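As provided, my_file-v9.pdb (PDB, C-alpha atoms) reads as follows.
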ATOM      1  CA  MET A   1      -9.806  24.561 -10.455
ATOM      2  CA  TYR A   2      -8.983  21.796 -12.946
ATOM      3  CA  ASP A   3      -5.231  22.291 -12.328
ATOM      4  CA  ASN A   4      -5.815  21.936  -8.590
ATOM      5  CA  VAL A   5      -7.576  18.635  -9.129
ATOM      6  CA  ILE A   6      -4.683  17.386 -11.282
ATOM      7  CA  ASP A   7      -2.079  18.505  -8.675
ATOM      8  CA  GLN A   8      -4.016  16.868  -5.852
ATOM      9  CA  SER A   9      -4.363  13.679  -7.845
ATOM     10  CA  LYS A  10      -0.599  13.658  -8.589
ATOM     11  CA  ASP A  11       0.232  14.131  -4.893
ATOM     12  CA  ILE A  12      -2.062  11.274  -3.892
ATOM     13  CA  THR A  13      -0.510   8.993  -6.515
ATOM     14  CA  ILE A  14       3.039   9.816  -5.381
ATOM     15  CA  LEU A  15       2.171   9.226  -1.727
ATOM     16  CA  GLU A  16       0.521   5.931  -2.579
ATOM     17  CA  LEU A  17       3.555   4.954  -4.645
ATOM     18  CA  LEU A  18       6.053   5.856  -1.900
ATOM     19  CA  ASP A  19       4.015   3.996   0.697
ATOM     20  CA  ARG A  20       4.190   0.866  -1.441
ATOM     21  CA  VAL A  21       7.852   1.132  -2.499
ATOM     22  CA  LEU A  22       9.147   1.860   1.018
ATOM     23  CA  ASN A  23       6.774  -0.128   3.218
ATOM     24  CA  LYS A  24       5.596  -3.094   1.144
ATOM     25  CA  GLY A  25       6.993  -5.779  -1.130
ATOM     26  CA  VAL A  26       9.165  -8.814  -0.477
ATOM     27  CA  ILE A  27      11.414  -8.222   2.528
ATOM     28  CA  LEU A  28      15.033  -9.298   2.432
ATOM     29  CA  THR A  29      16.020  -9.501   6.085
ATOM     30  CA  GLY A  30      19.401  -8.450   7.320
ATOM     31  CA  ASP A  31      20.478  -6.479   4.283
ATOM     32  CA  LEU A  32      18.185  -3.504   3.856
ATOM     33  CA  VAL A  33      19.979  -0.295   3.066
ATOM     34  CA  ILE A  34      18.485   3.092   3.588
ATOM     35  CA  SER A  35      19.755   6.635   3.849
ATOM     36  CA  VAL A  36      17.289   9.458   3.921
ATOM     37  CA  ALA A  37      17.953  12.486   1.774
ATOM     38  CA  ASP A  38      16.503  15.956   2.076
ATOM     39  CA  ILE A  39      13.089  14.884   0.910
ATOM     40  CA  ASP A  40      10.802  17.344  -0.812
ATOM     41  CA  LEU A  41       7.550  15.572  -0.130
ATOM     42  CA  VAL A  42       4.316  17.159   0.925
ATOM     43  CA  TYR A  43       3.664  17.274   4.670
ATOM     44  CA  VAL A  44       1.918  13.912   4.884
ATOM     45  CA  GLY A  45       4.904  12.363   3.147
ATOM     46  CA  VAL A  46       7.257  13.245   5.989
ATOM     47  CA  LYS A  47       5.204  11.144   8.374
ATOM     48  CA  LEU A  48       5.193   8.359   5.821
ATOM     49  CA  MET A  49       8.952   8.544   5.363
ATOM     50  CA  LEU A  50       9.583   8.463   9.117
ATOM     51  CA  SER A  51       7.393   5.414   9.420
ATOM     52  CA  SER A  52       9.385   3.717   6.669
ATOM     53  CA  VAL A  53      12.712   4.469   8.321
ATOM     54  CA  GLU A  54      11.404   3.073  11.602
ATOM     55  CA  THR A  55      10.226  -0.059   9.823
ATOM     56  CA  MET A  56      13.622  -0.586   8.216
ATOM     57  CA  GLU A  57      15.470   0.047  11.473
ATOM     58  CA  GLN A  58      13.315  -2.601  13.148
ATOM     59  CA  LEU A  59      14.013  -5.034  10.352
ATOM     60  CA  LYS A  60      17.738  -4.377  10.614
ATOM     61  CA  SER A  61      17.665  -5.026  14.345
ATOM     62  CA  GLY A  62      15.805  -8.280  13.732
ATOM     63  CA  LYS A  63      12.460  -7.210  15.211
ATOM     64  CA  SER A  64       9.439  -8.352  13.226
ATOM     65  CA  VAL A  65       7.042  -5.689  11.939
ATOM     66  CA  ALA A  66       4.206  -7.808  13.335
ATOM     67  CA  GLU A  67       5.569  -7.216  16.851
ATOM     68  CA  GLU A  68       4.718  -3.508  16.636
TER
ATOM     69  CA  MET B   1      45.305   6.578  -1.155
ATOM     70  CA  ILE B   2      42.686   5.066  -3.441
ATOM     71  CA  ASN B   3      39.157   4.429  -2.140
ATOM     72  CA  ARG B   4      37.861   1.205  -3.634
ATOM     73  CA  VAL B   5      34.215   1.343  -4.679
ATOM     74  CA  VAL B   6      32.480  -1.899  -3.726
ATOM     75  CA  MET B   7      29.567  -2.555  -6.041
ATOM     76  CA  GLU B   8      26.692  -4.639  -4.767
ATOM     77  CA  LYS B   9      23.437  -5.779  -6.342
ATOM     78  CA  MET B  10      20.223  -3.846  -5.931
ATOM     79  CA  ILE B  11      17.223  -6.174  -6.364
ATOM     80  CA  TYR B  12      14.094  -4.652  -7.909
ATOM     81  CA  THR B  13      11.774  -7.560  -8.412
ATOM     82  CA  ILE B  14      11.322 -11.298  -8.835
ATOM     83  CA  VAL B  15       9.867 -12.126 -12.260
ATOM     84  CA  PHE B  16       8.027 -15.224 -13.463
ATOM     85  CA  GLU B  17       9.399 -15.986 -16.921
ATOM     86  CA  LYS B  18       7.563 -19.233 -17.605
ATOM     87  CA  ASN B  19       5.487 -17.948 -20.554
ATOM     88  CA  ASN B  20       8.006 -15.472 -21.949
ATOM     89  CA  PRO B  21      11.495 -16.991 -21.951
ATOM     90  CA  GLY B  22      13.992 -14.624 -23.580
ATOM     91  CA  LYS B  23      11.662 -11.641 -23.559
ATOM     92  CA  LEU B  24      12.946 -10.303 -20.244
ATOM     93  CA  ASN B  25      16.496  -9.526 -21.379
ATOM     94  CA  ALA B  26      15.209  -7.674 -24.442
ATOM     95  CA  LEU B  27      13.015  -5.500 -22.234
ATOM     96  CA  LEU B  28      15.631  -4.782 -19.582
ATOM     97  CA  SER B  29      18.043  -3.141 -22.014
ATOM     98  CA  GLY B  30      15.574  -0.296 -22.587
ATOM     99  CA  ILE B  31      14.643   0.493 -18.969
ATOM    100  CA  LYS B  32      16.208   3.332 -16.995
ATOM    101  CA  THR B  33      17.508   2.455 -13.497
ATOM    102  CA  ILE B  34      18.032   4.588 -10.392
ATOM    103  CA  ASP B  35      21.632   5.553 -11.172
ATOM    104  CA  GLY B  36      22.032   4.756 -14.858
ATOM    105  CA  GLU B  37      23.559   1.292 -14.355
ATOM    106  CA  ARG B  38      22.280  -1.439 -16.680
ATOM    107  CA  LEU B  39      19.560  -3.829 -15.558
ATOM    108  CA  TYR B  40      20.033  -7.558 -15.976
ATOM    109  CA  ALA B  41      18.473 -10.813 -14.820
ATOM    110  CA  VAL B  42      19.859 -13.455 -12.478
ATOM    111  CA  VAL B  43      18.007 -16.612 -13.455
ATOM    112  CA  PHE B  44      16.993 -19.741 -11.568
ATOM    113  CA  ASP B  45      14.652 -22.150 -13.342
ATOM    114  CA  GLU B  46      11.423 -20.255 -14.266
ATOM    115  CA  ILE B  47      12.106 -17.228 -12.078
ATOM    116  CA  SER B  48      14.504 -14.319 -12.437
ATOM    117  CA  SER B  49      15.698 -11.627 -10.142
ATOM    118  CA  VAL B  50      16.021  -8.221 -11.856
ATOM    119  CA  VAL B  51      19.083  -6.422 -10.513
ATOM    120  CA  SER B  52      21.555  -3.622 -11.181
ATOM    121  CA  ASP B  53      24.981  -2.772  -9.782
ATOM    122  CA  MET B  54      24.778  -0.274  -6.972
ATOM    123  CA  ASN B  55      27.276   1.357  -4.690
ATOM    124  CA  ARG B  56      25.779   1.112  -1.192
ATOM    125  CA  VAL B  57      26.887   4.664  -0.394
ATOM    126  CA  ASP B  58      24.890   6.023  -3.346
ATOM    127  CA  LEU B  59      21.610   4.461  -2.286
ATOM    128  CA  ILE B  60      19.812   7.515  -0.993
ATOM    129  CA  THR B  61      16.092   7.402  -0.349
ATOM    130  CA  ASP B  62      14.542  10.362  -2.060
ATOM    131  CA  LYS B  63      11.502  10.876  -4.209
ATOM    132  CA  SER B  64      13.286  10.555  -7.576
ATOM    133  CA  HIS B  65      15.029   7.289  -6.586
ATOM    134  CA  ALA B  66      11.808   5.792  -5.241
ATOM    135  CA  ILE B  67       9.929   6.758  -8.406
ATOM    136  CA  ALA B  68      12.704   5.317 -10.631
ATOM    137  CA  PHE B  69      12.649   2.083  -8.600
ATOM    138  CA  ALA B  70       8.854   1.832  -8.929
ATOM    139  CA  GLY B  71       9.122   2.668 -12.651
ATOM    140  CA  VAL B  72      11.255  -0.406 -13.365
ATOM    141  CA  ILE B  73       8.747  -2.635 -11.572
ATOM    142  CA  GLU B  74       5.771  -1.014 -13.274
ATOM    143  CA  ILE B  75       7.140  -1.551 -16.804
ATOM    144  CA  LEU B  76       7.939  -5.194 -16.115
ATOM    145  CA  GLU B  77       4.530  -5.772 -14.505
ATOM    146  CA  GLN B  78       2.898  -5.038 -17.851
ATOM    147  CA  HIS B  79       4.597  -8.116 -19.321
ATOM    148  CA  PHE B  80       5.204 -10.586 -16.486
ATOM    149  CA  ALA B  81       3.796 -11.820 -13.192
ATOM    150  CA  LEU B  82       6.173 -10.434 -10.582
ATOM    151  CA  LEU B  83       6.837  -9.850  -6.892
ATOM    152  CA  PRO B  84       8.123  -6.339  -6.095
ATOM    153  CA  MET B  85      11.031  -6.181  -3.654
ATOM    154  CA  ARG B  86      11.049  -3.552  -0.933
ATOM    155  CA  TYR B  87      13.242  -0.544  -1.759
ATOM    156  CA  GLY B  88      16.740  -0.971  -0.363
ATOM    157  CA  SER B  89      17.077  -4.744  -0.835
ATOM    158  CA  MET B  90      20.705  -5.493  -1.717
ATOM    159  CA  MET B  91      22.902  -8.566  -1.920
ATOM    160  CA  GLU B  92      26.623  -8.990  -2.395
ATOM    161  CA  SER B  93      26.832 -10.848  -5.696
ATOM    162  CA  ASP B  94      24.996 -12.627  -8.507
ATOM    163  CA  LEU B  95      25.946 -15.919  -6.899
ATOM    164  CA  SER B  96      24.359 -15.010  -3.559
ATOM    165  CA  ILE B  97      21.187 -13.919  -5.412
ATOM    166  CA  GLN B  98      21.058 -17.194  -7.317
ATOM    167  CA  LYS B  99      21.408 -19.138  -4.066
ATOM    168  CA  MET B 100      18.624 -17.049  -2.535
ATOM    169  CA  LEU B 101      16.345 -17.795  -5.541
ATOM    170  CA  GLU B 102      17.083 -21.498  -5.270
ATOM    171  CA  LYS B 103      16.487 -21.615  -1.519
ATOM    172  CA  ASN B 104      13.162 -19.739  -1.716
ATOM    173  CA  TYR B 105      11.999 -21.113  -5.082
ATOM    174  CA  PRO B 106       8.809 -22.934  -3.904
ATOM    175  CA  GLU B 107       7.581 -19.893  -1.979
ATOM    176  CA  PHE B 108       8.391 -17.482  -4.834
ATOM    177  CA  ARG B 109       6.585 -19.704  -7.304
ATOM    178  CA  GLN B 110       3.537 -20.041  -5.068
ATOM    179  CA  ASN B 111       3.308 -16.249  -4.616
ATOM    180  CA  LEU B 112       3.836 -15.617  -8.334
ATOM    181  CA  LEU B 113       0.978 -17.966  -9.223
ATOM    182  CA  LYS B 114      -1.221 -16.107  -6.727
ATOM    183  CA  VAL B 115      -0.651 -12.721  -8.417
ATOM    184  CA  GLU B 116      -0.484 -13.913 -12.036
ATOM    185  CA  ASN B 117      -2.720 -11.854 -14.378
ATOM    186  CA  ARG B 118      -3.850  -9.708 -11.454
ATOM    187  CA  SER B 119      -3.199  -6.118 -10.432
ATOM    188  CA  GLU B 120      -3.487  -4.349  -7.132
ATOM    189  CA  PHE B 121      -5.868  -1.434  -6.563
ATOM    190  CA  GLY B 122      -6.278   0.839  -3.568
ATOM    191  CA  LEU B 123      -9.425   2.520  -2.345
ATOM    192  CA  LYS B 124      -9.471   5.146   0.356
ATOM    193  CA  ILE B 125     -12.789   6.568   1.526
ATOM    194  CA  TYR B 126     -12.724   9.924   3.283
ATOM    195  CA  CYS B 127     -15.439  11.806   5.124
ATOM    196  CA  ASP B 128     -15.943  15.206   6.691
ATOM    197  CA  ALA B 129     -15.805  13.745  10.208
ATOM    198  CA  LYS B 130     -17.401  16.733  11.976
ATOM    199  CA  LYS B 131     -20.303  16.876   9.543
ATOM    200  CA  LEU B 132     -20.852  13.111   9.600
ATOM    201  CA  LYS B 133     -20.770  12.952  13.405
ATOM    202  CA  LYS B 134     -23.229  15.861  13.573
ATOM    203  CA  GLU B 135     -25.618  14.041  11.232
ATOM    204  CA  LEU B 136     -25.281  10.830  13.230
ATOM    205  CA  GLY B 137     -25.809  12.829  16.453
ATOM    206  CA  ILE B 138     -29.098  14.230  15.143
ATOM    207  CA  LYS B 139     -30.167  10.740  14.122
ATOM    208  CA  SER B 140     -29.213   9.399  17.555
ATOM    209  CA  GLU B 141     -31.217  12.094  19.359
ATOM    210  CA  LYS B 142     -34.281  11.312  17.290
ATOM    211  CA  GLU B 143     -33.997   7.634  18.217
ATOM    212  CA  THR B 144     -33.348   8.238  21.915
ATOM    213  CA  VAL B 145     -36.434   7.798  24.117
ATOM    214  CA  GLN B 146     -36.923  10.893  26.262
ATOM    215  CA  ARG B 147     -36.836  10.231  30.006
ATOM    216  CA  PRO B 148     -39.922  11.245  32.022
ATOM    217  CA  VAL B 149     -39.685  14.735  33.532
ATOM    218  CA  SER B 150     -39.545  13.216  37.009
ATOM    219  CA  GLU B 151     -36.274  11.448  36.113
ATOM    220  CA  ILE B 152     -34.552  14.522  34.766
ATOM    221  CA  LYS B 153     -32.499  16.002  37.574
ATOM    222  CA  SER B 154     -30.185  18.720  36.483
ATOM    223  CA  SER B 155     -26.735  18.269  37.926
ATOM    224  CA  VAL B 156     -23.172  18.565  36.656
ATOM    225  CA  PHE B 157     -22.729  14.827  37.089
ATOM    226  CA  ARG B 158     -25.892  14.019  35.100
ATOM    227  CA  GLU B 159     -24.856  16.365  32.263
ATOM    228  CA  TYR B 160     -21.372  14.808  32.140
ATOM    229  CA  VAL B 161     -22.758  11.256  31.968
ATOM    230  CA  ASP B 162     -25.263  12.260  29.269
ATOM    231  CA  LYS B 163     -22.530  13.919  27.215
ATOM    232  CA  LYS B 164     -20.276  10.847  27.429
ATOM    233  CA  LEU B 165     -23.139   8.504  26.587
ATOM    234  CA  LYS B 166     -23.991  10.629  23.553
ATOM    235  CA  GLU B 167     -20.354  10.601  22.349
ATOM    236  CA  HIS B 168     -20.187   6.846  22.808
ATOM    237  CA  ARG B 169     -23.461   6.388  20.909
ATOM    238  CA  ILE B 170     -22.157   8.523  18.014
ATOM    239  CA  GLU B 171     -18.907   6.494  17.854
ATOM    240  CA  GLU B 172     -20.976   3.305  17.720
ATOM    241  CA  LEU B 173     -23.151   4.717  14.954
ATOM    242  CA  LEU B 174     -20.052   5.789  13.022
ATOM    243  CA  LEU B 175     -18.502   2.315  13.246
ATOM    244  CA  SER B 176     -21.750   0.726  12.209
ATOM    245  CA  TYR B 177     -21.975   3.141   9.252
ATOM    246  CA  VAL B 178     -18.386   2.267   8.198
ATOM    247  CA  ASP B 179     -19.204  -1.449   8.499
ATOM    248  CA  SER B 180     -22.229  -0.978   6.245
ATOM    249  CA  ILE B 181     -20.054   0.687   3.552
ATOM    250  CA  ILE B 182     -17.466  -2.114   3.866
ATOM    251  CA  ALA B 183     -20.222  -4.727   3.512
ATOM    252  CA  GLU B 184     -21.532  -2.950   0.424
ATOM    253  CA  PHE B 185     -18.092  -2.773  -1.191
ATOM    254  CA  THR B 186     -17.152  -6.331  -0.153
ATOM    255  CA  GLU B 187     -20.208  -7.519  -2.061
ATOM    256  CA  VAL B 188     -18.917  -5.728  -5.185
ATOM    257  CA  LEU B 189     -15.432  -7.234  -4.751
ATOM    258  CA  ALA B 190     -16.855 -10.728  -4.231
ATOM    259  CA  ARG B 191     -18.734 -10.346  -7.511
ATOM    260  CA  LEU B 192     -15.419  -9.398  -9.172
ATOM    261  CA  ASN B 193     -13.635 -12.296  -7.441
ATOM    262  CA  ALA B 194     -11.103  -9.968  -5.807
ATOM    263  CA  VAL B 195      -8.861 -10.669  -2.805
ATOM    264  CA  ASN B 196      -9.090  -7.790  -0.374
ATOM    265  CA  LYS B 197      -7.720  -6.284   2.832
ATOM    266  CA  PHE B 198      -9.557  -3.572   4.776
ATOM    267  CA  LYS B 199      -8.512  -1.189   7.524
ATOM    268  CA  LYS B 200     -11.155   0.894   9.313
ATOM    269  CA  MET B 201     -10.813   4.412  10.689
ATOM    270  CA  THR B 202      -7.066   4.843  10.084
ATOM    271  CA  THR B 203      -7.542   8.551  10.814
ATOM    272  CA  GLU B 204     -10.599  10.555  11.808
ATOM    273  CA  THR B 205     -11.274  11.437   8.169
ATOM    274  CA  ASN B 206     -10.035   8.260   6.434
ATOM    275  CA  ILE B 207     -12.822   5.857   7.322
ATOM    276  CA  ILE B 208     -11.775   3.012   5.004
ATOM    277  CA  ASP B 209      -8.359   2.087   3.599
ATOM    278  CA  ALA B 210      -8.645  -0.940   1.333
ATOM    279  CA  VAL B 211      -6.327  -2.765  -1.060
ATOM    280  CA  PHE B 212      -7.401  -5.542  -3.347
ATOM    281  CA  LEU B 213      -6.037  -7.848  -5.994
ATOM    282  CA  LEU B 214      -8.138  -8.043  -9.115
ATOM    283  CA  GLU B 215      -7.928  -9.778 -12.487
ATOM    284  CA  LYS B 216      -6.482  -7.283 -14.968
ATOM    285  CA  ASP B 217      -9.416  -7.431 -17.374
ATOM    286  CA  LYS B 218     -11.915  -6.470 -14.638
ATOM    287  CA  LYS B 219     -10.565  -2.935 -14.183
ATOM    288  CA  GLY B 220     -13.488  -1.342 -16.068
ATOM    289  CA  GLU B 221     -16.060  -3.114 -13.877
ATOM    290  CA  LEU B 222     -14.236  -1.965 -10.737
ATOM    291  CA  VAL B 223     -14.137   1.682 -11.834
ATOM    292  CA  GLN B 224     -17.846   1.555 -12.636
ATOM    293  CA  ALA B 225     -18.655  -0.034  -9.256
ATOM    294  CA  VAL B 226     -16.704   2.674  -7.377
ATOM    295  CA  GLU B 227     -18.421   5.406  -9.400
ATOM    296  CA  ASP B 228     -21.813   3.892  -8.502
ATOM    297  CA  LEU B 229     -20.893   3.842  -4.802
ATOM    298  CA  GLN B 230     -19.699   7.451  -4.975
ATOM    299  CA  CYS B 231     -23.056   8.489  -6.467
ATOM    300  CA  LYS B 232     -24.895   6.587  -3.728
ATOM    301  CA  HIS B 233     -22.848   8.244  -0.950
ATOM    302  CA  PRO B 234     -22.266  11.849  -2.070
ATOM    303  CA  GLY B 235     -21.111  12.860   1.435
ATOM    304  CA  LEU B 236     -18.050  10.628   1.169
ATOM    305  CA  ASN B 237     -14.951  11.050  -0.989
ATOM    306  CA  PHE B 238     -13.774   7.906  -2.814
ATOM    307  CA  THR B 239     -10.136   7.781  -4.011
ATOM    308  CA  LEU B 240      -9.347   4.810  -6.223
ATOM    309  CA  THR B 241      -5.716   4.231  -7.296
ATOM    310  CA  GLY B 242      -4.129   1.607  -9.518
ATOM    311  CA  PRO B 243      -3.408  -0.620 -11.262
ATOM    312  CA  TRP B 244      -0.326  -1.247  -9.100
ATOM    313  CA  PRO B 245       2.098  -4.162  -9.032
ATOM    314  CA  PRO B 246       1.033  -6.459  -6.144
ATOM    315  CA  TYR B 247       3.040  -4.718  -3.371
ATOM    316  CA  ASN B 248       0.460  -5.509  -0.681
ATOM    317  CA  PHE B 249      -0.007  -9.141  -1.627
ATOM    318  CA  VAL B 250       3.451 -10.611  -1.244
ATOM    319  CA  ASP B 251       3.663 -11.971   2.254
ATOM    320  CA  MET B 252       7.280 -13.042   2.139
ATOM    321  CA  THR B 253      10.336 -12.418   4.266
ATOM    322  CA  ILE B 254      13.397 -14.029   2.726
ATOM    323  CA  LYS B 255      16.893 -14.658   4.092
TER
END
Just give me the structure of the file as structure tokens.
Amino acid sequence: MYDNVIDQSKDITILELLDRVLNKGVILTGDLVISVADIDLVYVGVKLMLSSVETMEQLKSGKSVAEE
Amino acid sequence: MINRVVMEKMIYTIVFEKNNPGKLNALLSGIKTIDGERLYAVVFDEISSVVSDMNRVDLITDKSHAIAFAGVIEILEQHFALLPMRYGSMMESDLSIQKMLEKNYPEFRQNLLKVENRSEFGLKIYCDAKKLKKELGIKSEKETVQRPVSEIKSSVFREYVDKKLKEHRIEELLLSYVDSIIAEFTEVLARLNAVNKFKKMTTETNIIDAVFLLEKDKKGELVQAVEDLQCKHPGLNFTLTGPWPPYNFVDMTIK
């Protein structure tokens, strides 16, 4: 039971961290680089990763995130 | 045929060095980067850009790289005010980075002052949507005035309209309930002098998704306030994360 709580807490922290690293922070337009590896995230993470790739593709093509 | 490897500069963060000149370089030598390259600072006036050499082809987005990237920022955040860069930000050379710092200096400085001595926290509030809607439905039925028997005409149309009205009423009650929790928590954050951003109902179960920027020494008060709210609303699940570097509070797009 206690181990489950720890695992769940770790997953939440990693998802929160990935959301911030990939979707937030100062944006440098025109020179974002991203290649997606075979990612071993939990299920929710896949959705998160796809969203991040879409965001970066939009930035690369010059479309503002606010236009979404 | 020899393939030439073109190294570029991966930018991790923009650091405010005004109170700690010289300390940054000492720290950077002991921090592990994504691919083992050394970290160093490109300096302009009071701000520095923390960078490492990176071959563009090697920049793969996976969990370990993202965690290593965040790790660099997290260590530095314990010593300096900083603005995290989004993962994947690269420039050609130290000179181009220095020009970028110079060009955007006023905006960087303004944002750094805004986040100085503050950390970001996140709060997500989850509910068992079915259970909550059922409870609100019961409450709604109790409050609904029964129509006189003469008005009740059983028909498929009448039943459909009643069902839709009931669903709409429950949605309204749910939104009003979420607003009341936000109001309660906003009051706590105002007391702690925190800057906050709220999103409502991001999914059916995630009723509130909030991020806020709080003075570092008020962490204990925040944790206590969230614990108090959790005790007051045992049917909801409060998930507090942090302290984070201020990822959600740097509204900058640079060129």
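Residues from chain B found within 7 Å of chain A are Leu59, Ile60, Thr61, Asp62, Lys63, Ala66, Ala70, Leu83, Pro84, Met85, Arg86, Tyr87, Gly88, Ser89, Met90, Met91, Tyr247, Asn248, Val250, Asp251, Met252, Thr253, Ile254 and Lys255 of chain B, counting only C-alpha atoms.
Minimum atom-to-atom distance to Asn196 (chain B), evaluated using only C-alpha atoms, belongs to B:Gly122 out of B:Gly122, B:Gly242, B:Gly22, B:Pro106.
Interatomic distance, CA of Glu204 (chain B) to CA of Ala129 (chain B): 6.3 Å.
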Would you write out, as a PyMOL selection string, every residue that the PyMOL selection byres ((chain B and resi 32-45) around 9) captures in this file?
chain B and resi 17-18+24-25+28-31+46-54+58-59+64-69+71-72+94-95+97-99+101-102+105
So how many Å separate CA of Ser119 (chain B) and CA of Val15 (chain B), to one decimal?
14.5 Å
Could you name the residues that touch Ser176 (chain B) at 12 Å or less, counting only C-alpha atoms, but leaving out those on the same chain fewer than 6 positions away, as a PyMOL selection string?
chain B and resi 136+169-170+182-183+200-201+207
